[in-house]
$ cat work-v2.tsv   # TSV, C-alpha atoms
chain	number	residue	atom	x	y	z
H	16	MET	CA	-21.07	-0.32	1.18
H	17	GLN	CA	-23.43	-0.93	-1.72
H	18	ALA	CA	-24.37	1.48	-4.50
H	19	SER	CA	-28.05	0.87	-5.17
H	20	THR	CA	-28.67	3.67	-7.64
H	21	PRO	CA	-26.52	4.92	-10.52
H	22	PHE	CA	-24.65	8.20	-10.05
H	23	THR	CA	-24.15	10.99	-12.53
H	24	ARG	CA	-20.70	12.52	-12.30
H	25	ARG	CA	-22.18	15.77	-11.05
H	26	ALA	CA	-24.22	14.04	-8.36
H	27	ALA	CA	-21.44	11.67	-7.33
H	28	LEU	CA	-18.91	14.43	-6.90
H	29	GLY	CA	-21.43	16.87	-5.48
H	30	LEU	CA	-20.02	19.66	-7.63
H	31	THR	CA	-21.60	21.56	-10.51
H	32	ALA	CA	-18.20	22.07	-12.10
H	33	ALA	CA	-17.26	18.38	-12.19
H	34	ALA	CA	-18.49	17.59	-15.68
H	35	LEU	CA	-15.26	16.01	-16.93
H	36	PRO	CA	-14.51	12.31	-16.32
H	37	LEU	CA	-12.25	11.70	-13.34
H	38	ALA	CA	-9.56	10.24	-15.56
H	39	ALA	CA	-9.50	13.44	-17.61
H	40	ALA	CA	-8.53	15.62	-14.66
H	41	ALA	CA	-4.87	16.52	-15.12
H	42	PRO	CA	-2.95	16.08	-11.86
H	43	ALA	CA	-0.74	18.90	-10.69
H	44	ARG	CA	2.93	18.04	-10.52
H	45	ALA	CA	5.29	18.85	-7.70
H	46	ALA	CA	7.46	21.91	-8.25
H	47	THR	CA	10.22	20.27	-6.20
H	48	VAL	CA	10.79	16.52	-6.26
H	49	VAL	CA	10.12	14.97	-2.88
H	50	GLY	CA	13.29	13.28	-1.68
H	51	GLY	CA	15.67	15.21	-3.91
H	52	ALA	CA	16.16	16.16	-7.55
H	53	ARG	CA	18.16	13.05	-8.49
H	54	LEU	CA	15.12	10.89	-7.87
H	55	ALA	CA	13.41	12.51	-10.85
H	56	ARG	CA	16.28	11.89	-13.27
H	57	PRO	CA	16.05	9.16	-15.91
H	58	GLY	CA	18.19	6.08	-15.63
H	59	VAL	CA	19.82	4.37	-12.68
H	60	GLN	CA	20.85	6.58	-9.78
H	61	GLY	CA	23.75	4.91	-8.01
H	62	THR	CA	26.77	2.88	-9.08
H	63	GLY	CA	27.69	-0.78	-9.30
H	64	LEU	CA	24.07	-1.95	-9.36
H	65	PRO	CA	23.06	-5.48	-10.45
H	66	LYS	CA	22.97	-5.76	-14.23
H	67	LYS	CA	19.90	-7.93	-14.81
H	68	LEU	CA	17.15	-5.80	-13.32
H	69	THR	CA	13.97	-5.72	-15.41
H	70	ALA	CA	11.64	-3.80	-13.09
H	71	ALA	CA	9.89	-0.68	-14.32
H	72	ALA	CA	10.89	1.07	-11.10
H	73	TRP	CA	12.85	0.26	-7.95
H	74	LEU	CA	14.43	1.90	-4.93
H	75	VAL	CA	16.89	0.98	-2.16
H	76	ALA	CA	16.91	2.92	1.11
H	77	ASP	CA	18.51	2.77	4.54
H	78	HIS	CA	15.63	2.44	7.00
H	79	ASP	CA	17.43	3.95	9.99
H	80	SER	CA	18.87	7.04	8.32
H	81	GLY	CA	16.17	7.48	5.66
H	82	LYS	CA	18.80	7.87	2.95
H	83	VAL	CA	18.01	6.57	-0.55
H	84	LEU	CA	21.03	4.59	-1.69
H	85	ALA	CA	19.99	3.92	-5.29
H	86	SER	CA	16.92	4.16	-7.48
H	87	TYR	CA	15.41	3.77	-10.91
H	88	ASN	CA	12.25	5.70	-11.85
H	89	ALA	CA	11.64	6.36	-8.16
H	90	HIS	CA	8.62	8.60	-8.77
H	91	ARG	CA	7.13	6.77	-11.75
H	92	ARG	CA	3.45	6.30	-11.02
H	93	LEU	CA	2.38	2.67	-11.43
H	94	ALA	CA	-0.40	0.39	-10.21
H	95	PRO	CA	0.62	-0.72	-6.70
H	96	ALA	CA	-1.51	-3.87	-6.24
H	97	SER	CA	-1.65	-5.10	-2.65
H	98	THR	CA	1.46	-3.22	-1.56
H	99	LEU	CA	-1.03	-0.36	-1.08
H	100	LYS	CA	-2.25	-2.31	1.95
H	101	MET	CA	0.80	-0.90	3.76
H	102	LEU	CA	-0.86	2.51	3.57
H	103	PHE	CA	-4.17	0.97	4.65
H	104	ALA	CA	-2.47	-0.51	7.71
H	105	ASP	CA	-0.64	2.70	8.52
H	106	THR	CA	-3.96	4.56	8.38
H	107	VAL	CA	-6.23	2.14	10.28
H	108	LEU	CA	-4.01	-0.16	12.37
H	109	GLY	CA	-3.96	1.99	15.49
H	110	LYS	CA	-7.70	2.56	15.66
H	111	PHE	CA	-8.77	-0.75	17.20
H	112	GLU	CA	-7.47	-2.88	20.04
H	113	ARG	CA	-6.10	-6.26	18.99
H	114	THR	CA	-8.54	-8.08	21.28
H	115	GLU	CA	-11.64	-6.27	20.01
H	116	ARG	CA	-14.17	-8.70	18.50
H	117	TYR	CA	-16.36	-8.20	15.46
H	118	LYS	CA	-19.10	-10.41	13.98
H	119	VAL	CA	-18.97	-10.27	10.18
H	120	THR	CA	-22.13	-9.73	8.13
H	121	ASP	CA	-22.92	-10.25	4.45
H	122	ALA	CA	-22.88	-6.47	3.97
H	123	ASP	CA	-19.26	-6.31	5.15
H	124	LEU	CA	-18.20	-8.47	2.20
H	125	ALA	CA	-20.61	-7.20	-0.45
H	126	ASP	CA	-18.06	-5.06	-2.31
H	127	VAL	CA	-15.05	-7.38	-2.31
H	128	PRO	CA	-14.00	-7.41	-5.99
H	129	ALA	CA	-14.32	-10.65	-7.93
H	130	GLY	CA	-10.93	-12.31	-8.38
H	131	SER	CA	-9.59	-10.95	-5.09
H	132	SER	CA	-7.17	-12.71	-2.82
H	133	LEU	CA	-9.13	-13.93	0.21
H	134	VAL	CA	-8.23	-15.20	3.65
H	135	GLY	CA	-11.60	-16.96	3.96
H	136	ILE	CA	-13.74	-14.74	6.16
H	137	LYS	CA	-17.34	-15.92	6.51
H	138	PRO	CA	-20.46	-14.02	7.59
H	139	GLY	CA	-21.72	-15.00	11.02
H	140	ILE	CA	-18.26	-15.72	12.44
H	141	THR	CA	-16.77	-13.43	15.08
H	142	TYR	CA	-13.12	-12.46	14.59
H	143	THR	CA	-10.67	-10.53	16.73
H	144	VAL	CA	-9.02	-7.47	15.25
H	145	GLU	CA	-5.71	-9.32	15.50
H	146	GLN	CA	-7.06	-12.14	13.34
H	147	LEU	CA	-8.36	-9.67	10.76
H	148	TRP	CA	-4.94	-8.02	10.50
H	149	GLN	CA	-3.31	-11.43	10.16
H	150	GLY	CA	-5.64	-11.97	7.23
H	151	VAL	CA	-4.47	-8.68	5.71
H	152	PHE	CA	-0.73	-9.14	6.21
H	153	LEU	CA	-0.32	-12.89	5.73
H	154	ARG	CA	-2.87	-13.68	3.01
H	155	SER	CA	-3.39	-10.18	1.63
H	156	GLY	CA	-7.09	-10.87	2.14
H	157	ASN	CA	-9.28	-8.27	0.50
H	158	ASP	CA	-12.14	-9.70	2.56
H	159	ALA	CA	-10.25	-8.77	5.75
H	160	VAL	CA	-9.52	-5.30	4.38
H	161	HIS	CA	-13.19	-4.69	3.62
H	162	VAL	CA	-14.30	-5.83	7.07
H	163	LEU	CA	-11.79	-3.50	8.75
H	164	ALA	CA	-12.81	-0.67	6.42
H	165	ARG	CA	-16.45	-1.16	7.42
H	166	MET	CA	-15.41	-1.08	11.07
H	167	ASN	CA	-13.61	2.18	10.26
H	168	GLY	CA	-16.79	3.81	8.97
H	169	GLY	CA	-16.94	2.45	5.43
H	170	LEU	CA	-14.97	2.27	2.21
H	171	ALA	CA	-15.38	5.91	1.23
H	172	ARG	CA	-14.22	7.20	4.59
H	173	THR	CA	-11.27	4.82	4.61
H	174	VAL	CA	-10.21	5.84	1.10
H	175	ALA	CA	-10.39	9.51	2.08
H	176	GLU	CA	-8.34	8.91	5.21
H	177	MET	CA	-5.75	6.91	3.28
H	178	GLN	CA	-5.38	9.71	0.75
H	179	ALA	CA	-4.99	12.26	3.54
H	180	ARG	CA	-2.45	10.00	5.26
H	181	ALA	CA	-0.47	9.62	2.03
H	182	GLU	CA	-0.22	13.39	1.76
H	183	GLU	CA	0.82	13.70	5.40
H	184	LEU	CA	3.60	11.18	4.74
H	185	ARG	CA	4.48	13.22	1.61
H	186	ALA	CA	3.72	10.27	-0.63
H	187	LEU	CA	2.53	12.59	-3.36
H	188	ASP	CA	2.62	10.08	-6.24
H	189	THR	CA	-0.16	8.06	-4.62
H	190	HIS	CA	-3.82	8.21	-5.62
H	191	VAL	CA	-6.08	5.91	-3.60
H	192	VAL	CA	-9.26	4.51	-5.16
H	193	SER	CA	-9.81	1.42	-2.99
H	194	PRO	CA	-8.29	0.35	0.34
H	195	ASP	CA	-7.31	-3.12	-0.90
H	196	GLY	CA	-5.02	-2.13	-3.80
H	197	PHE	CA	-7.08	-4.04	-6.37
H	198	ASP	CA	-7.10	-2.91	-10.01
H	199	HIS	CA	-9.09	0.29	-10.34
H	200	LYS	CA	-8.55	3.01	-12.91
H	201	GLY	CA	-6.48	5.81	-11.43
H	202	GLN	CA	-5.13	3.83	-8.47
H	203	LEU	CA	-1.43	4.64	-8.52
H	204	SER	CA	1.67	4.84	-6.38
H	205	SER	CA	5.45	4.76	-6.89
H	206	ALA	CA	8.53	2.96	-5.64
H	207	TYR	CA	9.33	6.03	-3.55
H	208	ASP	CA	5.89	6.21	-1.95
H	209	LEU	CA	5.64	2.48	-1.23
H	210	THR	CA	9.04	2.66	0.47
H	211	LEU	CA	7.77	5.59	2.54
H	212	PHE	CA	4.78	3.51	3.68
H	213	ALA	CA	7.06	0.67	4.78
H	214	HIS	CA	9.55	3.08	6.36
H	215	HIS	CA	6.87	4.64	8.52
H	216	GLY	CA	4.87	1.45	9.16
H	217	LEU	CA	7.87	-0.47	10.48
H	218	ARG	CA	8.23	2.09	13.25
H	219	GLY	CA	5.09	0.57	14.80
H	220	ALA	CA	5.40	-2.64	16.81
H	221	ASP	CA	2.11	-4.15	15.58
H	222	PHE	CA	2.88	-3.41	11.91
H	223	ARG	CA	6.33	-4.93	12.29
H	224	GLU	CA	4.99	-8.03	14.06
H	225	TYR	CA	2.22	-8.72	11.56
H	226	CYS	CA	4.37	-8.39	8.45
H	227	ALA	CA	7.01	-10.72	9.93
H	228	THR	CA	4.53	-13.46	10.91
H	229	LYS	CA	4.95	-16.59	8.78
H	230	THR	CA	1.90	-18.62	9.84
H	231	ALA	CA	-1.19	-18.23	12.03
H	232	ASP	CA	-4.31	-20.19	12.94
H	233	PHE	CA	-7.45	-18.61	11.52
H	234	PRO	CA	-11.06	-19.18	12.63
H	235	ALA	CA	-13.15	-21.57	10.54
H	236	GLY	CA	-16.31	-21.47	12.66
H	237	GLY	CA	-17.07	-22.98	16.02
H	238	LYS	CA	-13.85	-24.17	17.58
H	239	LYS	CA	-12.28	-25.08	14.26
H	240	THR	CA	-9.30	-23.26	12.75
H	241	PHE	CA	-7.12	-23.55	9.66
H	242	GLN	CA	-3.56	-22.44	9.13
H	243	ILE	CA	-2.72	-19.47	6.93
H	244	GLN	CA	0.75	-18.81	5.53
H	245	ASN	CA	2.41	-15.55	4.56
H	246	THR	CA	2.44	-15.02	0.78
H	247	ASP	CA	5.78	-13.17	0.96
H	248	ARG	CA	8.04	-15.75	-0.68
H	249	LEU	CA	11.29	-14.22	0.60
H	250	LEU	CA	9.89	-14.77	4.10
H	251	SER	CA	8.27	-18.17	3.60
H	252	GLY	CA	10.60	-19.75	1.06
H	253	ALA	CA	7.65	-20.98	-1.02
H	254	TRP	CA	7.51	-21.69	-4.76
H	255	GLY	CA	11.24	-22.18	-5.20
H	256	VAL	CA	12.28	-18.84	-3.70
H	257	LYS	CA	15.04	-18.97	-1.10
H	258	THR	CA	14.28	-17.22	2.16
H	259	TYR	CA	16.31	-14.04	2.52
H	260	PRO	CA	18.49	-13.93	5.66
H	261	GLY	CA	17.31	-11.27	8.07
H	262	LEU	CA	14.09	-10.49	6.21
H	263	ILE	CA	11.48	-8.76	8.40
H	264	GLY	CA	8.64	-8.29	5.86
H	265	VAL	CA	6.95	-6.21	4.44
H	266	LYS	CA	4.34	-6.65	1.64
H	267	ASN	CA	3.96	-8.27	-1.75
H	268	GLY	CA	1.30	-7.69	-4.39
H	269	TYR	CA	0.04	-9.02	-7.68
H	270	THR	CA	-2.83	-8.19	-10.02
H	271	SER	CA	-3.29	-8.90	-13.69
H	272	HIS	CA	-2.92	-5.18	-14.45
H	273	ALA	CA	-0.14	-4.29	-12.02
H	274	GLY	CA	1.90	-7.44	-12.38
H	275	ASN	CA	4.17	-8.13	-9.41
H	276	THR	CA	5.20	-5.52	-6.87
H	277	PHE	CA	7.06	-5.98	-3.60
H	278	THR	CA	8.48	-3.94	-0.76
H	279	GLY	CA	10.87	-5.85	1.46
H	280	ALA	CA	12.96	-5.03	4.52
H	281	ALA	CA	15.91	-6.95	5.91
H	282	THR	CA	18.40	-6.49	8.75
H	283	ARG	CA	22.08	-7.45	8.66
H	284	ASP	CA	24.81	-6.52	11.13
H	285	GLY	CA	22.53	-4.04	12.86
H	286	ARG	CA	21.57	-2.28	9.64
H	287	THR	CA	18.08	-2.37	8.07
H	288	LEU	CA	17.46	-1.77	4.38
H	289	LEU	CA	14.24	-1.24	2.44
H	290	VAL	CA	13.78	-2.26	-1.19
H	291	THR	CA	10.78	-1.72	-3.44
H	292	VAL	CA	10.55	-3.41	-6.85
H	293	MET	CA	7.65	-2.68	-9.21
H	294	HIS	CA	6.58	-4.56	-12.33
H	295	PRO	CA	9.54	-6.71	-13.41
H	296	ARG	CA	9.09	-8.08	-16.92
H	297	SER	CA	9.40	-11.81	-16.18
H	298	GLY	CA	7.53	-14.34	-13.99
H	299	TYR	CA	6.20	-14.38	-10.46
H	300	ASN	CA	9.53	-14.99	-8.74
H	301	ALA	CA	11.40	-12.17	-10.51
H	302	VAL	CA	10.11	-9.55	-8.08
H	303	TYR	CA	11.66	-11.50	-5.20
H	304	GLU	CA	14.88	-12.31	-7.05
H	305	GLU	CA	15.41	-8.66	-8.00
H	306	THR	CA	14.60	-7.54	-4.46
H	307	ALA	CA	17.15	-10.00	-3.07
H	308	ALA	CA	19.77	-8.76	-5.55
H	309	LEU	CA	19.16	-5.15	-4.54
H	310	LEU	CA	19.30	-6.02	-0.85
H	311	ASP	CA	22.62	-7.78	-1.42
H	312	TRP	CA	23.93	-4.71	-3.26
H	313	GLY	CA	22.73	-2.42	-0.49
H	314	PHE	CA	24.40	-4.40	2.28
H	315	GLU	CA	27.65	-4.88	0.34
H	316	LYS	CA	28.03	-1.69	-1.67
H	317	GLY	CA	25.33	0.77	-0.68
H	318	ASP	CA	27.03	3.75	0.95
H	319	PRO	CA	24.85	5.93	3.22
H	320	ALA	CA	27.54	8.60	2.93
H	321	ARG	CA	26.75	8.96	-0.79
H	322	PRO	CA	22.95	8.95	-1.01
H	323	VAL	CA	20.99	9.82	-4.14
H	324	GLY	CA	18.06	11.15	-2.12
H	325	THR	CA	16.17	10.89	1.15
H	326	LEU	CA	12.92	9.45	2.49
H	327	ALA	CA	10.79	12.41	3.54
H	328	GLU	CA	9.59	12.75	7.10
H	329	PRO	CA	5.85	13.31	7.65
H	330	ALA	CA	4.65	16.88	7.22
H	331	GLY	CA	4.58	18.84	10.45
H	332	ALA	CA	1.60	20.65	11.91
H	333	GLY	CA	2.82	23.96	10.54
H	334	GLY	CA	1.97	23.09	6.96
H	335	ALA	CA	-1.21	21.15	7.63
H	336	LYS	CA	-3.79	23.94	7.31
H	337	ALA	CA	-2.85	24.98	3.78
H	338	ALA	CA	-2.34	21.38	2.72
H	339	ARG	CA	-5.85	20.45	3.86
H	340	GLY	CA	-7.21	23.00	1.43
H	341	ARG	CA	-5.11	21.53	-1.37
H	342	ALA	CA	-6.28	18.02	-0.51
H	343	THR	CA	-9.94	19.05	-0.71
H	344	ALA	CA	-9.36	20.83	-4.02
H	345	ARG	CA	-7.58	17.81	-5.49
H	346	ALA	CA	-10.35	15.50	-4.38
H	347	ALA	CA	-12.86	17.80	-6.07
H	348	ALA	CA	-10.88	17.59	-9.29
H	349	GLY	CA	-10.40	13.85	-8.99
H	350	ALA	CA	-6.65	14.42	-9.10
H	351	PRO	CA	-3.97	12.83	-6.92
H	352	ALA	CA	-1.82	14.76	-4.50
H	353	ALA	CA	1.20	16.32	-6.16
H	354	THR	CA	2.53	19.28	-4.21
H	355	SER	CA	5.80	18.97	-2.36
H	356	GLY	CA	5.37	21.67	0.26
H	357	GLY	CA	3.67	19.98	3.18
H	358	ALA	CA	0.74	17.58	3.28
H	359	SER	CA	-2.67	17.23	4.78
H	360	SER	CA	-3.28	16.18	8.36
H	361	TRP	CA	-4.45	12.60	8.89
H	362	ARG	CA	-7.26	13.79	11.14
H	363	LEU	CA	-9.11	16.24	8.96
H	364	PRO	CA	-11.44	18.74	10.63
H	365	ALA	CA	-15.10	17.76	10.42
H	366	GLY	CA	-15.99	19.96	7.45
H	367	ALA	CA	-13.01	19.04	5.28
H	368	GLY	CA	-13.24	15.37	6.24
H	369	ALA	CA	-16.90	15.23	5.26
H	370	THR	CA	-16.15	16.89	1.93
H	371	VAL	CA	-13.33	14.50	1.08
H	372	ALA	CA	-15.39	11.50	2.19
H	373	LEU	CA	-18.32	12.58	0.02
H	374	LEU	CA	-16.08	13.02	-2.99
H	375	ALA	CA	-14.30	9.72	-2.44
H	376	GLY	CA	-17.66	8.00	-2.02
H	377	GLY	CA	-18.83	9.34	-5.35
H	378	ALA	CA	-15.63	8.23	-7.05
H	379	TRP	CA	-16.03	4.76	-5.53
H	380	ALA	CA	-19.60	4.52	-6.78
H	381	LEU	CA	-18.50	5.46	-10.28
H	382	ARG	CA	-15.78	2.83	-10.29
H	383	ARG	CA	-17.28	-0.12	-8.42
H	384	ARG	CA	-18.92	-1.51	-11.58
H	385	ARG	CA	-15.45	-1.75	-13.13
H	386	SER	CA	-13.90	-3.49	-10.15
H	387	ALA	CA	-14.87	-7.11	-10.71
H	388	ARG	CA	-12.00	-8.07	-12.96
H	389	ALA	CA	-11.10	-11.73	-12.95
H	390	GLY	CA	-7.33	-11.25	-12.93
H	391	GLY	CA	-6.76	-12.42	-9.40
H	392	ASP	CA	-5.05	-10.48	-6.66
H	393	GLU	CA	-2.45	-12.71	-5.09
H	394	GLY	CA	-1.54	-10.07	-2.55
$ encode --input "work-v2.tsv" --output "structure tokens"
Amino acid sequence: MQASTPFTRRAALGLTAAALPLAAAAPARAATVVGGARLARPGVQGTGLPKKLTAAAWLVADHDSGKVLASYNAHRRLAPASTLKMLFADTVLGKFERTERYKVTDADLADVPAGSSLVGIKPGITYTVEQLWQGVFLRSGNDAVHVLARMNGGLARTVAEMQARAEELRALDTHVVSPDGFDHKGQLSSAYDLTLFAHHGLRGADFREYCATKTADFPAGGKKTFQIQNTDRLLSGAWGVKTYPGLIGVKNGYTSHAGNTFTGAATRDGRTLLVTVMHPRSGYNAVYEETAALLDWGFEKGDPARPVGTLAEPAGAGGAKAARGRATARAAAGAPAATSGGASSWRLPAGAGATVALLAGGAWALRRRRSARAGGDEG
């Protein structure tokens, strides 16, 4: 998608009342905290936690029961970096067969932000859908994300569907601006929401397989290939990080604005735990070290009988109609979802879907000139 002409805010949003900048729109806040009241309290929720945690927010949950075992600033809204690709996968992964083939064009890659992490997709080469998803999960390739988004109908449509999907999953701290998680003003999520994305995504066999894959051969043109490695250091053991026993994924992320963010899942003695760590204060490996420490705590001391909250189940069909109206209104205001009672359906009806897509497209056009920040997105 390319924006060839400048947009006024009124024209981009398609609304006569949208005169204020998007960033000035005050988001509504949930009347009831999703997952339980303790998750909104300041300070550490849980006992006996590791002492040297520097992250701005973190959460430990039992994947099977959905119980939150401990947390810190669970609903604090922070830049998610490439961990947002979990939501992208949950939204788009089931739409295409793995064996489907797609020949990439220059237009497919035209809006990949400068400084992005790339798997190395080239125009003129034909890729299978499976290879594109390997590029997303292993190398956090923004080029692969943009190709899949174009296959899905474009960036604006994909952003709108991701936002609707977040609401359906009751991930109400999340505001989607781009499908790749790159630094864009207003793109936010939380430790709670990222854990929800992993919790739901891991229920799918393809999601689980891709995030656990360590290496794959990727097309280089003709009959040539090159090997790609997973950038999840707890899975690969790269850069001085020890592999974590029983790790099954899920997604790491880094940008110059967001710093390091990671959601990991591991299984031990038949029990699977999820940990999300956002924005630790020290270097690149801290996000993995703090995740490992929290996983250790969860397996050794985390008691599902004494949870501090729960991971919400997706909103049922009963609350979808009213939530769709809220989603459209929030998109019109440029505000993220923030109501706890239900969430919008993933498959919006034609009228509402077109409205949200139009609004998201205008927001993208307003922001795309700010997107080429040379901070680098490791994934």
$ closest_residue --input "work-v2.tsv" --among "H:Tyr117, H:Ile140, H:Gly61, H:His215" --to "H:Thr240" --atoms "only C-alpha atoms"
H:Ile140
$ closest_residue --input "work-v2.tsv" --among "H:Tyr225, H:Tyr207, H:Phe103, H:Tyr269" --to "H:Glu176" --atoms "all atoms listed in the file"
H:Phe103
$ atom_distance --input "work-v2.tsv" --atom1 "atom CA of H:Ser193" --atom2 "atom CA of H:Leu170"
7.4 Å
$ closest_residue --input "work-v2.tsv" --among "H:Leu108, H:Val162, H:Arg154, H:Ala301" --to "H:Leu124" --atoms "all atoms listed in the file"
H:Val162
$ closest_residue --input "work-v2.tsv" --among "H:Ala231, H:Val256, H:Val48, H:Ala186" --to "H:Pro329" --atoms "only C-alpha atoms"
H:Ala186
$ residues_around --input "work-v2.tsv" --residues "H:Thr246" --least-positions-apart "2" --cutoff "12 Å" --atoms "all atoms listed in the file" --output "compact mmCIF listing (two decimals) with C-alpha atoms, in the coordinates of the input"
# COMPACT_ATOMS: atom_id res chain seq x y z
CA SER H 97 -1.65 -5.10 -2.65
CA SER H 132 -7.17 -12.71 -2.82
CA LEU H 133 -9.13 -13.93 0.21
CA VAL H 134 -8.23 -15.20 3.65
CA GLN H 149 -3.31 -11.43 10.16
CA GLY H 150 -5.64 -11.97 7.23
CA VAL H 151 -4.47 -8.68 5.71
CA PHE H 152 -0.73 -9.14 6.21
CA LEU H 153 -0.32 -12.89 5.73
CA ARG H 154 -2.87 -13.68 3.01
CA SER H 155 -3.39 -10.18 1.63
CA GLY H 156 -7.09 -10.87 2.14
CA CYS H 226 4.37 -8.39 8.45
CA ALA H 227 7.01 -10.72 9.93
CA THR H 228 4.53 -13.46 10.91
CA LYS H 229 4.95 -16.59 8.78
CA THR H 230 1.90 -18.62 9.84
CA ILE H 243 -2.72 -19.47 6.93
CA GLN H 244 0.75 -18.81 5.53
CA ARG H 248 8.04 -15.75 -0.68
CA LEU H 249 11.29 -14.22 0.60
CA LEU H 250 9.89 -14.77 4.10
CA SER H 251 8.27 -18.17 3.60
CA GLY H 252 10.60 -19.75 1.06
CA ALA H 253 7.65 -20.98 -1.02
CA TRP H 254 7.51 -21.69 -4.76
CA VAL H 256 12.28 -18.84 -3.70
CA GLY H 264 8.64 -8.29 5.86
CA VAL H 265 6.95 -6.21 4.44
CA LYS H 266 4.34 -6.65 1.64
CA ASN H 267 3.96 -8.27 -1.75
CA GLY H 268 1.30 -7.69 -4.39
CA TYR H 269 0.04 -9.02 -7.68
CA PHE H 277 7.06 -5.98 -3.60
CA TYR H 299 6.20 -14.38 -10.46
CA ASN H 300 9.53 -14.99 -8.74
CA TYR H 303 11.66 -11.50 -5.20
CA ASP H 392 -5.05 -10.48 -6.66
CA GLU H 393 -2.45 -12.71 -5.09
CA GLY H 394 -1.54 -10.07 -2.55
$ residues_around --input "work-v2.tsv" --residues "H:Asp123" --least-positions-apart "3" --cutoff "10 Å" --atoms "only C-alpha atoms" --output "PyMOL selection string"
chain H and resi 16-17+118-120+126-127+137-138+158-166+169
$ closest_residue --input "work-v2.tsv" --among "H:Gly255, H:Gly219, H:Pro194, H:Gly58" --to "H:Leu102" --atoms "all atoms listed in the file"
H:Pro194
$ residues_near_point --input "work-v2.tsv" --point "(19.7, -2.9, -4.5)" --cutoff "10 Å" --atoms "only C-alpha atoms" --output "CSV table (one decimal) with C-alpha atoms, in the frame of the given file"
chain,number,residue,atom,x,y,z
H,61,GLY,CA,23.8,4.9,-8.0
H,63,GLY,CA,27.7,-0.8,-9.3
H,64,LEU,CA,24.1,-2.0,-9.4
H,65,PRO,CA,23.1,-5.5,-10.4
H,68,LEU,CA,17.2,-5.8,-13.3
H,73,TRP,CA,12.8,0.3,-8.0
H,74,LEU,CA,14.4,1.9,-4.9
H,75,VAL,CA,16.9,1.0,-2.2
H,76,ALA,CA,16.9,2.9,1.1
H,84,LEU,CA,21.0,4.6,-1.7
H,85,ALA,CA,20.0,3.9,-5.3
H,86,SER,CA,16.9,4.2,-7.5
H,288,LEU,CA,17.5,-1.8,4.4
H,289,LEU,CA,14.2,-1.2,2.4
H,290,VAL,CA,13.8,-2.3,-1.2
H,291,THR,CA,10.8,-1.7,-3.4
H,292,VAL,CA,10.6,-3.4,-6.8
H,305,GLU,CA,15.4,-8.7,-8.0
H,306,THR,CA,14.6,-7.5,-4.5
H,307,ALA,CA,17.2,-10.0,-3.1
H,308,ALA,CA,19.8,-8.8,-5.6
H,309,LEU,CA,19.2,-5.2,-4.5
H,310,LEU,CA,19.3,-6.0,-0.8
H,311,ASP,CA,22.6,-7.8,-1.4
H,312,TRP,CA,23.9,-4.7,-3.3
H,313,GLY,CA,22.7,-2.4,-0.5
H,314,PHE,CA,24.4,-4.4,2.3
H,315,GLU,CA,27.6,-4.9,0.3
H,316,LYS,CA,28.0,-1.7,-1.7
H,317,GLY,CA,25.3,0.8,-0.7
$ atom_distance --input "work-v2.tsv" --atom1 "atom CA of H:Pro128" --atom2 "atom CA of H:Asn275"
18.5 Å
$ atom_distance --input "work-v2.tsv" --atom1 "atom CA of H:Arg113" --atom2 "atom CA of H:Glu145"
4.7 Å
$ closest_residue --input "work-v2.tsv" --among "H:His190, H:Lys110, H:Arg218, H:Arg180" --to "H:Gly168" --atoms "all atoms listed in the file"
H:Lys110
